[in-house]
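Enquirer: I'd like to ask some things about the structure below.
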Amino acid sequence: MNCPECGNELLNGQYVCTDTDYEVQDLGGNKVFTVYESHGIDGDEISSKHEVKYCSCKYYI
Amino acid sequence: MSLAKVNGIAIADIAKINGIAKADMSKFNGITVSAVETTLASLHVDDLTIVDGRSGSNHANYDSYFPANWKKSGKSADWNPTIYGSTKAYSFSGTSYSYQRGWVFGTGGTPSSGTGATGGMVGDLDATSGVGATSTANKYIYYEASSPSYSGSTRGHLLRTPVMDFTGVGTITLQFWIHAYGISGGTNRVGNLRIALTDSADSASSADEIASGTGFTSMSAGGLTLNGCVYEEDGSQTYTSANPTAISQLNNAGSQDVTTAGGYYRRVTVDLSDYKSISSTNYIYILVYSAHWASDICLDNIKVIAS
């Protein structure tokens with residue numbers, strides 16, 4: 001499956017809520033890019049995640 | 001306006017949208033009659049400008065980008081309305097996370113995973129389908145439930161219409177489209193949405209209600225009944241409940257995805273005709289509150305129609 005924005009192959013990753021932002025991480029837990037800055041999140045939302053496919057151009061689905 | 005003749009008599013054929021008259025011509029016992037429909041208020045979210053200055057985010061809470069005659073609680077303390085009694089709507093301060101909490105308008109998905117829509121509706125104020133799209137052209141307004149928006153039932157957020165005159169009209173209907181999907185796996189994962197009708201620009205309280213029961217007496221009591229919620233895209237099912245002012249999981253087909261049937265927006269209508277000719281000063285309030293961060297509620301194409 002390729003990225004509809006740039007044509008590169010989509011990679012498997014995770015969409016994760018951290019205590020400072022919502023970000024896409026690779027399967028090794030490394031941040032790839034920030035989706036939303038959101039300082040001040042607390043409670044049990046932090047660390048919530050779901051699987052996504054992403055591209056280096058910051059497209060994700 | 002164009003004129004046509006029926007039985008030698010000139011009649012008006014009016015067809016305008018967004019706040020202007022729209023004629024519904026029909027025949028009754030052979031006599032042509034016209035029911036003039038007027039939009040008293042409307043919120044076409046696609047028209048809003050989103051400029052939040054934050055990289056990669058098409059979401060905004062700032063009052064300066066919201067229609068001047070509508071109001072929402074959230075980012076600014078400039079509007080601090082009463083929900084009931086002395087309880088005020090929750091307001092955020094500062095400039096950090098608050099731009100995407102409370103009532104927000106945006107495009108694409110809401111920030112949290114497992115809740116909210118993936119975009120706004122394709123259709124406009126006269127839409128007959130709740131199909132959505134993820135494009136930046138398809139904006140919507142939503143209650144972003146993430147911290148610090150939610151706190152049990154103690155923090156509510158209000159959205160208010162412009163002032164409307166209900167005198168001299170036959171029927172009055174509030175209509176909007178809703179997407180309500182909360183993450184699975186627990187209770188209280190879907191937000192609550194309630195409606196009030198008062199004559200105050202700053203209060204949804206029963207102290208300012210138009211008629212008995214139209215204002216809130218607590219976070220979870222008072223206000224109007226929602227009905228006619230089209231549950232399925234083809235209108236084959238209607239949402240009814242003994243307590244319909246508390247929204248259940250409407251998009252429980254399991255989808256945040258507004259491009260698939262399970263995630264389409266659902267149309268809600270509220271008949272306000274009982275309150276015609278009571279007051280020339282009317283404000284409708286939409287209250288949201290929740291007990292979980294995964295309780296986003298998304299709205300689009302809000303309008304009040306009189307005929």
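Going through the structure tokens in order, the chains are called A, B, and so on, while each chain numbers its residues from 1 and the ligands are numbered from 1 in the order shown.
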Could you give me, as JSON lines, a per-residue list for chain A showing, wherever an atom lies at most 12 Å from an atom of chain B, the closest pair of atoms and their distance in Å to one decimal, using only C-alpha atoms and sorting by chain then residue number from low to high?

Expert:
{"residue": "A:Gln14", "atom": "CA", "partner": "B:Ser113", "partner_atom": "CA", "distance": 10.4}
{"residue": "A:Tyr15", "atom": "CA", "partner": "B:Ser113", "partner_atom": "CA", "distance": 7.5}
{"residue": "A:Val16", "atom": "CA", "partner": "B:Ser113", "partner_atom": "CA", "distance": 7.9}
{"residue": "A:Cys17", "atom": "CA", "partner": "B:Ser112", "partner_atom": "CA", "distance": 7.3}
{"residue": "A:Thr18", "atom": "CA", "partner": "B:Ser112", "partner_atom": "CA", "distance": 10.7}
{"residue": "A:Asp19", "atom": "CA", "partner": "B:Ser147", "partner_atom": "CA", "distance": 10.8}
{"residue": "A:Thr20", "atom": "CA", "partner": "B:Tyr97", "partner_atom": "CA", "distance": 9.1}
{"residue": "A:Asp21", "atom": "CA", "partner": "B:Pro111", "partner_atom": "CA", "distance": 9.2}
{"residue": "A:Tyr22", "atom": "CA", "partner": "B:Pro111", "partner_atom": "CA", "distance": 6.9}
{"residue": "A:Glu23", "atom": "CA", "partner": "B:Pro111", "partner_atom": "CA", "distance": 9.6}
{"residue": "A:Val24", "atom": "CA", "partner": "B:Ser113", "partner_atom": "CA", "distance": 11.5}
{"residue": "A:Phe33", "atom": "CA", "partner": "B:Gly56", "partner_atom": "CA", "distance": 10.0}
{"residue": "A:Thr34", "atom": "CA", "partner": "B:Gly56", "partner_atom": "CA", "distance": 8.1}
{"residue": "A:Val35", "atom": "CA", "partner": "B:Gly56", "partner_atom": "CA", "distance": 6.4}
{"residue": "A:Tyr36", "atom": "CA", "partner": "B:Ser57", "partner_atom": "CA", "distance": 6.1}
{"residue": "A:Glu37", "atom": "CA", "partner": "B:Tyr97", "partner_atom": "CA", "distance": 7.3}
{"residue": "A:Ser38", "atom": "CA", "partner": "B:Tyr97", "partner_atom": "CA", "distance": 4.6}
{"residue": "A:His39", "atom": "CA", "partner": "B:Tyr97", "partner_atom": "CA", "distance": 5.0}
{"residue": "A:Gly40", "atom": "CA", "partner": "B:Tyr97", "partner_atom": "CA", "distance": 6.3}
{"residue": "A:Ile41", "atom": "CA", "partner": "B:Ser147", "partner_atom": "CA", "distance": 5.6}
{"residue": "A:Asp42", "atom": "CA", "partner": "B:Ser147", "partner_atom": "CA", "distance": 6.1}
{"residue": "A:Gly43", "atom": "CA", "partner": "B:Ser147", "partner_atom": "CA", "distance": 7.1}
{"residue": "A:Asp44", "atom": "CA", "partner": "B:Trp293", "partner_atom": "CA", "distance": 8.2}
{"residue": "A:Glu45", "atom": "CA", "partner": "B:Trp293", "partner_atom": "CA", "distance": 6.7}
{"residue": "A:Ile46", "atom": "CA", "partner": "B:Ser112", "partner_atom": "CA", "distance": 9.8}
{"residue": "A:Ser47", "atom": "CA", "partner": "B:Ser113", "partner_atom": "CA", "distance": 10.4}
{"residue": "A:Ser48", "atom": "CA", "partner": "B:Ser113", "partner_atom": "CA", "distance": 7.2}
{"residue": "A:Lys49", "atom": "CA", "partner": "B:Ser113", "partner_atom": "CA", "distance": 6.4}
{"residue": "A:His50", "atom": "CA", "partner": "B:Ser113", "partner_atom": "CA", "distance": 6.7}
{"residue": "A:Glu51", "atom": "CA", "partner": "B:Ser113", "partner_atom": "CA", "distance": 9.8}
{"residue": "A:Val52", "atom": "CA", "partner": "B:Ser113", "partner_atom": "CA", "distance": 10.6}
{"residue": "A:Cys57", "atom": "CA", "partner": "B:Gly56", "partner_atom": "CA", "distance": 11.6}
{"residue": "A:Lys58", "atom": "CA", "partner": "B:Gly56", "partner_atom": "CA", "distance": 9.0}
{"residue": "A:Tyr59", "atom": "CA", "partner": "B:Gly56", "partner_atom": "CA", "distance": 10.5}
{"residue": "A:Tyr60", "atom": "CA", "partner": "B:Gly109", "partner_atom": "CA", "distance": 11.1}
{"residue": "A:Ile61", "atom": "CA", "partner": "B:Thr118", "partner_atom": "CA", "distance": 10.1}

Enquirer: Gly74 of chain B: which residues within 12 Å, counting only C-alpha atoms, same-chain residues fewer than 3 positions away excluded, as number ranges by chain?

Expert: B: 60-63, 66, 71, 77-81, 88-95, 97-105, 142-145, 148-150, 155-159, 287-288

Enquirer: Measure the distance from atom CA of Leu40 of chain B to atom CA of Asp165 of chain B in Å and round it to one decimal.

Expert: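 Straight-line distance from atom CA of Leu40 of chain B to atom CA of Asp165 of chain B works out to 7.9 Å.
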
Enquirer: Point out the residue among B:Ser273, B:Ser64, B:Ser153, B:Asn301 with the least atom-to-atom distance to Thr173 of chain B, counting only C-alpha atoms.

Expert: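 Comparing B:Ser273, B:Ser64, B:Ser153, B:Asn301 against Thr173 of chain B, the winner is B:Ser273.
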